[in-house]
Each structure stands twice: as structure tokens, then as C-alpha cells.
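J.: Pasting query.txt below, which is compact mmCIF, C-alpha atoms.
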# COMPACT_ATOMS: atom_id res chain seq x y z
CA MET U 1 93.70 56.88 110.35
CA ASN U 2 96.76 54.68 110.66
CA PHE U 3 99.78 56.98 110.85
CA SER U 4 102.04 54.38 109.30
CA SER U 5 99.90 53.65 106.26
CA THR U 6 101.26 54.59 102.85
CA GLU U 7 98.08 56.56 102.24
CA PHE U 8 98.76 58.72 105.29
CA ILE U 9 102.39 59.28 104.37
CA GLU U 10 101.43 60.21 100.81
CA LYS U 11 98.89 62.74 102.04
CA LEU U 12 101.46 64.09 104.42
CA LYS U 13 103.90 64.55 101.56
CA SER U 14 101.28 66.48 99.61
CA ARG U 15 100.80 68.66 102.71
CA ASP U 16 97.14 67.77 103.21
CA SER U 17 96.03 70.10 105.99
CA LEU U 18 93.64 67.61 107.58
CA VAL U 19 96.35 64.99 107.85
CA ILE U 20 98.86 67.49 109.18
CA THR U 21 96.36 68.63 111.81
CA GLN U 22 95.85 65.03 112.92
CA LEU U 23 99.55 64.38 113.19
CA VAL U 24 100.38 67.60 115.03
CA ASP U 25 97.42 67.09 117.37
CA GLN U 26 98.66 63.63 118.16
CA TYR U 27 102.33 64.35 118.83
CA HIS U 28 102.90 68.02 119.56
CA GLU U 29 102.24 67.86 123.28
CA ALA U 30 104.06 64.54 123.65
CA LEU U 31 107.12 66.01 121.93
CA PHE U 32 107.01 69.03 124.23
CA LYS U 33 106.73 66.85 127.33
CA GLY U 34 109.53 64.66 126.02
CA ALA U 35 111.76 67.70 125.60
CA ILE U 36 110.95 68.85 129.15
CA LYS U 37 111.79 65.40 130.48
CA GLN U 38 115.14 65.62 128.75
CA GLY U 39 115.82 68.49 131.12
CA LEU U 40 115.15 71.44 128.84
CA ALA U 41 113.60 74.64 130.15
CA SER U 42 110.10 75.41 128.89
CA ASP U 43 111.09 78.06 126.34
CA GLN U 44 113.89 75.95 124.94
CA ALA U 45 111.64 72.91 124.76
CA GLU U 46 109.27 75.00 122.68
CA VAL U 47 112.04 75.98 120.26
CA VAL U 48 113.22 72.39 120.01
CA VAL U 49 109.75 71.12 119.17
CA GLN U 50 109.22 73.81 116.52
CA ASN U 51 112.55 72.96 114.91
CA THR U 52 111.62 69.29 115.07
CA TRP U 53 108.52 69.90 112.97
CA GLY U 54 110.57 72.07 110.63
CA THR U 55 113.07 69.29 110.01
CA PHE U 56 110.32 66.70 109.83
CA PHE U 57 108.51 68.52 107.02
CA GLU U 58 111.77 69.28 105.23
CA GLN U 59 112.63 65.61 105.20
CA ILE U 60 109.19 64.12 104.72
CA GLU U 61 109.87 63.65 101.01
CA ARG U 62 112.61 61.23 101.88
CA PHE U 63 110.65 59.40 104.59
CA GLU U 64 110.31 55.81 103.49
CA GLY U 65 108.20 54.54 106.33
CA ARG U 66 110.83 52.12 107.51
CA SER U 67 110.38 53.25 111.09
CA HIS U 68 107.17 54.28 112.81
CA ILE U 69 106.41 57.95 112.39
CA ARG U 70 106.52 58.43 116.18
CA THR U 71 110.02 56.96 116.40
CA TYR U 72 111.09 59.13 113.51
CA LEU U 73 109.70 62.33 115.06
CA PHE U 74 111.13 61.66 118.50
CA GLY U 75 114.47 60.78 116.95
CA ILE U 76 114.60 64.25 115.41
CA MET U 77 113.51 65.86 118.68
CA TYR U 78 116.16 64.05 120.74
CA ASN U 79 118.84 65.16 118.31
CA LYS U 80 117.68 68.78 118.51
CA ALA U 81 117.69 68.54 122.29
CA LYS U 82 121.23 67.16 122.16
CA GLU U 83 122.34 70.12 120.04
CA THR U 84 120.74 72.51 122.50
CA PHE U 85 122.62 70.90 125.38
CA ARG U 86 125.86 71.19 123.49
CA GLU U 87 125.35 74.85 122.67
CA ASN U 88 124.20 75.95 126.12
CA LYS U 89 126.78 76.22 128.86
CA LYS U 90 123.90 76.20 131.31
CA TYR U 91 123.49 72.47 130.77
CA THR U 92 127.12 71.45 131.06
CA CYS U 93 128.21 71.81 134.63
CA ASP U 94 131.03 69.86 136.20
CA TYR U 95 130.04 66.72 137.95
CA ASP U 96 132.21 65.17 140.61
CA GLU U 97 132.42 61.47 139.88
CA SER U 98 135.35 60.75 142.14
CA ALA U 99 133.12 58.83 144.58
CA LEU U 100 132.26 56.46 141.78
CA GLU U 101 135.91 55.51 141.31
CA LYS U 102 136.32 54.64 144.94
CA ILE U 103 133.44 52.19 145.45
CA TYR U 104 135.36 49.02 144.73
CA THR U 105 138.65 47.52 145.83
CA ARG U 106 141.04 46.33 143.18
CA GLU U 107 139.55 42.84 143.55
CA GLY U 108 136.09 44.19 142.76
CA SER U 109 134.47 43.95 146.18
CA TYR U 110 133.05 46.93 148.02
CA GLU U 111 135.33 49.49 149.60
CA SER U 112 132.27 51.23 150.97
CA PRO U 113 129.23 48.89 150.81
CA PRO U 114 125.83 50.17 149.72
CA LYS U 115 123.74 51.32 152.64
CA SER U 116 120.35 49.80 153.26
CA PRO U 117 117.65 51.75 151.40
CA GLU U 118 114.93 50.66 153.85
CA ASN U 119 114.04 54.23 154.81
CA TRP U 120 114.26 55.75 151.32
CA MET U 121 110.65 55.36 150.34
CA GLN U 122 109.46 56.63 153.71
CA SER U 123 111.14 59.94 153.13
CA ASN U 124 108.87 62.69 151.81
CA GLU U 125 111.82 64.21 150.03
CA PHE U 126 112.75 61.07 148.12
CA PHE U 127 111.20 62.04 144.78
CA ILE U 128 112.38 65.63 145.06
CA ILE U 129 115.96 64.53 145.72
CA LEU U 130 115.86 61.96 142.92
CA GLY U 131 114.55 64.55 140.47
CA GLU U 132 117.14 67.12 141.50
CA GLU U 133 120.01 64.63 141.29
CA LEU U 134 118.86 63.44 137.90
CA LYS U 135 118.98 67.01 136.62
CA LYS U 136 122.54 67.38 137.91
CA LEU U 137 123.94 64.28 136.18
CA PRO U 138 126.41 64.65 133.29
CA GLN U 139 124.40 65.29 130.15
CA SER U 140 125.05 62.01 128.33
CA GLN U 141 124.27 59.95 131.44
CA ARG U 142 121.10 61.90 132.11
CA VAL U 143 119.84 61.52 128.56
CA ALA U 144 120.68 57.80 128.44
CA PHE U 145 118.95 57.20 131.77
CA THR U 146 115.89 59.27 130.84
CA LEU U 147 115.41 57.51 127.51
CA LYS U 148 115.87 54.07 129.02
CA GLU U 149 114.06 54.23 132.34
CA ILE U 150 111.62 57.10 131.97
CA GLU U 151 110.68 56.96 128.29
CA GLY U 152 111.22 53.22 127.98
CA GLU U 153 112.77 53.48 124.51
CA SER U 154 114.43 50.38 123.10
CA THR U 155 118.18 49.93 123.50
CA GLN U 156 118.65 50.01 119.74
CA ASP U 157 116.76 53.30 119.37
CA ILE U 158 118.71 54.90 122.20
CA CYS U 159 122.02 53.83 120.65
CA ASN U 160 120.96 55.42 117.36
CA ILE U 161 119.82 58.63 119.00
CA LEU U 162 122.94 59.03 121.12
CA GLY U 163 125.29 57.65 118.50
CA VAL U 164 126.92 55.21 120.91
CA SER U 165 127.52 51.47 120.90
CA ASN U 166 125.56 49.01 122.99
CA THR U 167 128.47 48.66 125.39
CA ASN U 168 128.85 52.41 125.78
CA LEU U 169 125.16 52.78 126.52
CA GLY U 170 125.51 50.15 129.26
CA VAL U 171 128.33 52.10 130.86
CA LEU U 172 126.33 55.35 130.71
CA ILE U 173 123.33 53.70 132.36
CA TYR U 174 125.55 52.06 134.98
CA ARG U 175 127.27 55.32 135.85
CA ALA U 176 123.99 57.24 135.93
CA LYS U 177 122.38 54.79 138.34
CA ASN U 178 125.44 54.62 140.56
CA ASN U 179 125.76 58.38 140.74
CA LEU U 180 122.07 58.57 141.62
CA ARG U 181 122.26 55.94 144.34
CA LEU U 182 125.37 57.50 145.87
CA ALA U 183 123.67 60.89 145.94
CA LEU U 184 120.54 59.37 147.49
CA GLU U 185 122.63 57.62 150.14
CA LYS U 186 124.33 60.88 150.95
CA SER U 187 121.02 62.65 151.52
CA LEU U 188 118.94 59.87 153.04
CA ASN U 189 121.33 57.61 155.00
CA LYS U 190 122.60 60.09 157.51
CA MET F 1 119.46 37.03 158.41
CA LYS F 2 121.86 39.83 157.70
CA ILE F 3 124.29 38.65 160.36
CA LEU F 4 124.04 35.08 159.13
CA ARG F 5 124.75 36.22 155.62
CA ASN F 6 127.81 38.10 156.77
CA ILE F 7 129.11 35.05 158.59
CA ILE F 8 128.59 32.83 155.56
CA HIS F 9 130.28 35.46 153.44
CA ASN F 10 133.34 35.63 155.64
CA LEU F 11 133.54 31.86 155.98
CA MET F 12 133.36 31.38 152.23
CA MET F 13 136.07 33.94 151.69
CA VAL F 14 138.39 31.98 153.98
CA MET F 15 137.41 28.49 152.94
CA ILE F 16 137.06 28.69 149.21
CA PRO F 17 140.41 28.36 147.49
CA LYS F 18 141.57 31.36 145.54
CA SER F 19 141.41 29.50 142.24
CA LEU F 20 137.69 28.91 142.74
CA ARG F 21 136.99 32.38 143.98
CA LYS F 22 138.36 33.71 140.76
CA ASN F 23 135.48 31.96 139.07
CA MET F 24 132.88 33.78 141.13
CA LEU F 25 131.35 37.06 140.14
CA THR F 26 132.78 40.10 141.87
CA CYS F 27 130.52 42.72 143.45
CA GLU F 28 131.53 45.09 140.67
CA GLN F 29 130.43 42.63 137.98
CA VAL F 30 127.17 42.05 139.84
CA ALA F 31 126.59 45.80 139.98
CA HIS F 32 126.98 46.08 136.20
CA ILE F 33 124.63 43.18 135.51
CA ILE F 34 121.92 44.65 137.74
CA ALA F 35 122.16 48.30 136.73
CA GLU F 36 122.35 47.56 133.00
CA LYS F 37 119.71 44.79 133.23
CA GLN F 38 122.09 42.62 131.25
CA ASP F 39 120.66 39.66 129.48
CA ILE F 40 122.96 36.92 130.75
CA PRO F 41 123.17 33.18 130.01
CA ALA F 42 121.72 30.66 132.45
CA PHE F 43 125.02 29.66 134.03
CA LYS F 44 126.00 33.23 134.73
CA ARG F 45 122.55 33.83 136.15
CA LEU F 46 123.16 30.95 138.55
CA LYS F 47 126.44 32.51 139.60
CA LEU F 48 124.61 35.79 140.15
CA GLN F 49 122.04 34.09 142.37
CA MET F 50 124.82 32.43 144.35
CA HIS F 51 126.58 35.73 144.84
CA LEU F 52 123.37 37.43 145.99
CA PHE F 53 122.73 34.58 148.41
CA ILE F 54 125.87 35.31 150.37
CA CYS F 55 126.42 39.01 149.77
CA GLN F 56 124.37 41.53 151.76
CA SER F 57 126.07 44.46 150.01
CA CYS F 58 124.89 43.37 146.61
CA LEU F 59 121.39 42.70 147.93
CA ASP F 60 121.22 46.24 149.28
CA TYR F 61 122.60 47.47 145.98
CA ARG F 62 119.93 45.61 144.06
CA ILE F 63 117.13 47.09 146.16
CA GLN F 64 118.60 50.57 145.71
CA ILE F 65 118.61 50.16 141.94
CA GLN F 66 115.11 48.67 141.93
CA ILE F 67 113.82 51.67 143.87
CA ILE F 68 115.48 54.08 141.45
CA ASP F 69 114.13 52.24 138.40
CA ALA F 70 110.59 52.03 139.75
CA SER F 71 110.57 55.67 140.87
CA SER F 72 111.79 56.93 137.51
CA ILE F 73 108.55 55.88 135.87
CA LYS F 74 106.75 58.18 138.31
CA LEU F 75 109.20 61.00 137.55
CA GLY F 76 108.21 60.77 133.90
CA LYS F 77 104.62 61.70 134.60
CA ILE F 78 104.70 65.46 134.29
CA THR F 79 101.73 67.80 134.30
CA LEU F 80 101.98 70.97 132.27
CA THR F 81 101.20 74.35 133.79
CA SER F 82 98.34 76.33 132.30
CA SER F 83 100.75 78.78 130.68
CA GLN F 84 102.64 75.88 129.10
CA LYS F 85 99.36 74.45 127.80
CA GLU F 86 98.45 77.80 126.31
CA GLN F 87 101.88 78.09 124.72
CA ILE F 88 101.52 74.64 123.19
CA SER F 89 98.11 75.18 121.68
CA LYS F 90 99.31 78.43 120.13
CA SER F 91 102.38 76.90 118.58
CA LYS F 92 100.33 73.93 117.44
CA SER F 93 98.09 76.02 115.22
CA LYS F 94 101.11 77.99 114.03
CA ILE F 95 102.78 74.80 112.87
CA ILE F 96 99.66 73.46 111.20
CA ASP F 97 99.26 76.73 109.28
CA LYS F 98 102.91 76.92 108.35
CA TYR F 99 103.21 73.47 106.83
CA SER F 100 99.78 72.94 105.30
CA LYS F 101 99.49 73.65 101.60
CA ASP F 102 96.04 75.22 101.68
Go through the file and emit its structure as C-alpha cells.
T.:
Amino acid sequence: MNFSSTEFIEKLKSRDSLVITQLVDQYHEALFKGAIKQGLASDQAEVVVQNTWGTFFEQIERFEGRSHIRTYLFGIMYNKAKETFRENKKYTCDYDESALEKIYTREGSYESPPKSPENWMQSNEFFIILGEELKKLPQSQRVAFTLKEIEGESTQDICNILGVSNTNLGVLIYRAKNNLRLALEKSLNK
Amino acid sequence: MKILRNIIHNLMMVMIPKSLRKNMLTCEQVAHIIAEKQDIPAFKRLKLQMHLFICQSCLDYRIQIQIIDASSIKLGKITLTSSQKEQISKSKSKIIDKYSKD
């Protein structure tokens, strides 16, 4: 059945168990994986996904079908994940961005030029390092980067989820990628 | 090629008058355009190509970012452990029961 059809939404609102089973079957695992990719630990991802369904069914009466049901569900999940990050000190560690401030001269050319990444892909550790460094990034940068490059969400959706402007999102992505490349250089261009 | 590019770069920096250089993109601007995948107008795109033609640093930068972007897609492919799968199927039926009317 088409998840966006009015018929489906109506049945969902009347809590039809068959329809609910279909929907949960379709998205439960994807939501869980999405929460993990955001950087949540397994048990917290589980809580986030359960709360997501809770909110979804609380608000289903007001769902007007203006966005796709997947977008709507993931939007709720990302917000729950954001709350979890905010509440847990575990996820907010200090990140030293001083290197980022020193890349360019005042004229905007390189103070310390990027090193050639020729050997990066040959390193067995490349993916491990990238994954580790991504986890370490400041929360907002990590989430912005994950949504954009890993989940491939649209810019407009990411702005809505994070509650930032287009320009701010650009800066977050820019900083995330630069922090990542500087960290990779540090480990791989010895 | 790298050496040649460096020579051209240095020559241009000496020969091009300051007023014109001001009109060129700086490495910092180039870095923003590439990392943010900015949608830029044709003329600016031309200026970007010109900058990349003479600037080895920005070329290296671009490859670095391309590697990071391409690798991220691979990072997103996660496989769940068997205990995670079990956990999910349990909570799935719990949710279906909780929110179904009958």
C-alpha cells in the first residue's frame, strides 16, 4: 500500500493494526540504524526510536500528509536524538578547533597547505580513523555532516531538523569537513 | 606538473597587479565552495577553474574533500549485531501492540 495515500493515513489514524504493522515493519529498523549513525549508543538509540513512535502516534491526528511519512518520522527521530545529545554530557566533549583558525593567512591563502592525500586510500586504517574522528566532532557539526553526506537528506530538510539557516548549515558542513581532513592529515601524512 | 604549477602560481602572484588579484578567488573562498558544494553562477565557476589550474594546494584540498565525501557513504552502511537485531524485533512487536486499537 502507498504510505502517503489518504486511505493509509486514515487507517493509521483509526489505529488499524494491519496498517500499523506495515508501517512499523517498514521503518523501525531504518529509524534504529539512523539513530546509531547519529552517534547514539545502542540502548539510547532504542529509547529514541520508541519515543519517536510515541510522538508519531500522539501527533498522527494532526498529520496532514504535507510531507512524506518517512520524512515526518525521521524528523521526529532526529529531534529526539538532538535532545538526547543535549541531555547527555557523554556526547558533549570539548573539541580543539584552534588548528582550523590557523589554516589561512589574512589574505585567505594557505598558511599550512593541504598535504597530498595520495596515500590515504592505501591505508588500512583510513576508514577506522575517519569513523573515529567523525564521532569526536562537535555535536552540531557531526549531525550536519551525517545528515548531508551519509544520509543524503536535502538541505532544506536538514535546516528544518537542526533549526539553522542555509548559511549556518554551510558553515557547519565546512567546519566538519575541515576538522576531518586536518585530523586525517595528522594521522596519515606523517 | 606540480612543480610547473608552483612556478606559474608564483609568477602570477608577482605579475598580476594587486587590483586584479583582488578579483580572484582566495584559497579560503575556494575551500568553502568545495566543501559546501555551493551552487555558483557560471562566471564564478570559471574563476574557480582558473584558481584550481594554478593552485596545487586547492587541488590537494579538493581531492581530500572528495575522498571524505565518497568514504562517508561507505561509513553509513552499518550491519547490526545479532543482539541488536533481537532487540529490534522485540521492540517492534511491543510498539505494534501498544498503538494498535485491537
J.: When you count all atoms listed in the file, which of these residues is closest to Arg106 in chain U: F:Asn10, F:Thr26, F:Ser71, F:Thr81?
T.: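 Closest to Arg106 in chain U of all the choices is F:Thr26.
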J.: Taking only residues of chain F that have an atom at most 7 Å from an atom of chain U, what is each one's shortest atom pair and its distance in Å to one decimal, using only C-alpha atoms, in chain and number order, as a tab-separated table?
T.:
residue	atom	partner	partner_atom	distance
F:Thr26	CA	U:Gly108	CA	5.3
F:Cys27	CA	U:Ser109	CA	5.0
F:Glu28	CA	U:Gly108	CA	5.1
F:His32	CA	U:Tyr174	CA	6.3
F:Ala35	CA	U:Tyr174	CA	5.4
F:Glu36	CA	U:Gly170	CA	5.5
F:Ser57	CA	U:Pro113	CA	5.5
F:Asp60	CA	U:Ser116	CA	5.4
F:Tyr61	CA	U:Pro114	CA	5.6
F:Gln64	CA	U:Pro117	CA	5.9
F:Ile65	CA	U:Lys177	CA	7.0
F:Asp69	CA	U:Glu149	CA	6.4
F:Ser72	CA	U:Ile150	CA	5.5
F:Ile73	CA	U:Ile150	CA	5.1
F:Gly76	CA	U:Ile150	CA	5.4
F:Ile88	CA	U:Glu29	CA	6.8
F:Lys92	CA	U:Val24	CA	6.8
F:Ile96	CA	U:Thr21	CA	5.9
F:Tyr99	CA	U:Arg15	CA	6.8
F:Ser100	CA	U:Ser17	CA	4.8
F:Lys101	CA	U:Arg15	CA	5.3
F:Asp102	CA	U:Ser17	CA	6.7
J.: How many Å lie between CA of Arg62 in chain F and CA of Ser187 in chain U, rounded to one decimal?
T.: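 Distance reported for this atom pair: 18.6 Å.
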J.: Using all atoms listed in the file, which protein or nucleic acid residues come within 10 Å of Ile9 in chain U? Drop anything in the same chain fewer than 4 positions from it, and give the result as a PDB file with C-alpha atoms, in the coordinates of the input.
T.:
ATOM      1  CA  ASN U   2      96.760  54.680 110.660  1.00  0.00           C
ATOM      2  CA  PHE U   3      99.780  56.980 110.850  1.00  0.00           C
ATOM      3  CA  SER U   4     102.040  54.380 109.300  1.00  0.00           C
ATOM      4  CA  SER U   5      99.900  53.650 106.260  1.00  0.00           C
ATOM      5  CA  LYS U  13     103.900  64.550 101.560  1.00  0.00           C
ATOM      6  CA  SER U  14     101.280  66.480  99.610  1.00  0.00           C
ATOM      7  CA  ARG U  15     100.800  68.660 102.710  1.00  0.00           C
ATOM      8  CA  VAL U  19      96.350  64.990 107.850  1.00  0.00           C
ATOM      9  CA  ILE U  60     109.190  64.120 104.720  1.00  0.00           C
ATOM     10  CA  GLU U  61     109.870  63.650 101.010  1.00  0.00           C
ATOM     11  CA  PHE U  63     110.650  59.400 104.590  1.00  0.00           C
ATOM     12  CA  GLU U  64     110.310  55.810 103.490  1.00  0.00           C
ATOM     13  CA  GLY U  65     108.200  54.540 106.330  1.00  0.00           C
ATOM     14  CA  ILE U  69     106.410  57.950 112.390  1.00  0.00           C
TER      15      ILE U  69
END
J.: Box time for range 35-51 of chain U: axis-aligned, enclosing all its listed atoms, 4 Å extra on each side; report centre and edge lengths in Å to one decimal, as lines of an AutoDock Vina configuration file.
T.:
center_x = 112.5
center_y = 71.7
center_z = 123.0
size_x = 14.6
size_y = 20.7
size_z = 24.2
J.: Between CA of Ile8 in chain F and CA of Met24 in chain F, what distance in Å does the model show, to one decimal?
T.: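 Those two atoms sit 15.1 Å apart.
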J.: Provide the CA of Asn189 in chain U to CA of Asn119 in chain U distance in Å, to one decimal place.
T.: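 Separating CA of Asn189 in chain U from CA of Asn119 in chain U is a distance of 8.0 Å.
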J.: For Lys2 in chain F, which residue among F:Ser91, F:Ser82, F:Gln66, F:Gln56 is the nearest when counting all atoms listed in the file?
T.: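 Selected residue with least distance to Lys2 in chain F: F:Gln56.
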J.: Which is closest to Asp96 in chain U among U:Ala30, U:Ile161, U:Leu137, U:Ala144, if we use all atoms listed in the file?
T.: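 Using all atoms listed in the file, the shortest distance to Asp96 in chain U belongs to U:Leu137.
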J.: Which residue gives the smallest distance to Lys186 in chain U among U:Glu111, U:Ala99, U:Asn166, U:Asn124, with only C-alpha atoms counted?
T.: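 Ranking U:Glu111, U:Ala99, U:Asn166, U:Asn124 by distance to Lys186 in chain U, first place goes to U:Ala99.
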J.: Check the smallest atom-to-atom distance from each of F:Leu52, F:Leu80, F:Ile95, F:Ile68 to Ala31 in chain F using only C-alpha atoms, then report the winner.
T.: F:Leu52
J.: Find the residues near Ala35 in chain U: any atom within 9 Å, counting only C-alpha atoms, skip ones fewer than 4 places away on the same chain, and give them as number ranges by chain.
T.: U: 30-31, 39-42, 44-46, 48-49, 77-78, 81
J.: Taking the point (119.4, 63.3, 120.0) as given in the file, collect each protein or nucleic acid residue that comes within 9 Å of it, counting only C-alpha atoms, and present the set as a list in words.
T.: Phe74, Gly75, Ile76, Met77, Tyr78, Asn79, Lys80, Ala81, Lys82, Glu83, Val143, Ile158, Asn160, Ile161, Leu162 and Gly163 of chain U
J.: So that I can check the surroundings of Leu4 in chain F, please list as a PyMOL selection string every protein, DNA and RNA residue that reaches within 12 Å of it, counting all atoms listed in the file and ignoring chain neighbours fewer than 3 positions away.
T.: chain F and resi 1+7-11+53-56
J.: Please complete range 108-122 of chain U so it has N, CA and C atoms, and hand it over as a compact mmCIF listing (two decimals), keeping the file's coordinate frame.
T.:
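Generated output (rebuild.txt):
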# COMPACT_ATOMS: atom_id res chain seq x y z
N GLY U 108 137.48 44.06 143.20
CA GLY U 108 136.09 44.19 142.76
C GLY U 108 135.07 43.95 143.84
N SER U 109 135.48 43.97 145.12
CA SER U 109 134.47 43.95 146.18
C SER U 109 134.34 45.36 146.73
N TYR U 110 133.35 45.57 147.60
CA TYR U 110 133.05 46.93 148.02
C TYR U 110 134.06 47.52 149.00
N GLU U 111 134.53 48.70 148.67
CA GLU U 111 135.33 49.49 149.60
C GLU U 111 134.39 50.12 150.62
N SER U 112 133.32 50.72 150.10
CA SER U 112 132.27 51.23 150.97
C SER U 112 130.94 50.63 150.50
N PRO U 113 130.42 49.63 151.25
CA PRO U 113 129.23 48.89 150.81
C PRO U 113 128.00 49.78 150.73
N PRO U 114 127.08 49.43 149.82
CA PRO U 114 125.83 50.17 149.72
C PRO U 114 125.09 50.16 151.05
N LYS U 115 124.49 51.26 151.38
CA LYS U 115 123.74 51.32 152.64
C LYS U 115 122.30 50.85 152.39
N SER U 116 121.70 50.32 153.43
CA SER U 116 120.35 49.80 153.26
C SER U 116 119.36 50.91 152.90
N PRO U 117 118.59 50.70 151.83
CA PRO U 117 117.65 51.75 151.40
C PRO U 117 116.28 51.63 152.05
N GLU U 118 116.22 50.91 153.19
CA GLU U 118 114.93 50.66 153.85
C GLU U 118 114.11 51.93 154.06
N ASN U 119 114.79 53.01 154.45
CA ASN U 119 114.04 54.23 154.81
C ASN U 119 113.81 55.16 153.62
N TRP U 120 114.34 54.82 152.46
CA TRP U 120 114.26 55.75 151.32
C TRP U 120 112.83 56.12 150.97
N MET U 121 112.00 55.09 150.82
CA MET U 121 110.65 55.36 150.34
C MET U 121 109.79 56.02 151.40
N GLN U 122 110.24 55.97 152.66
CA GLN U 122 109.46 56.63 153.71
C GLN U 122 109.72 58.13 153.74
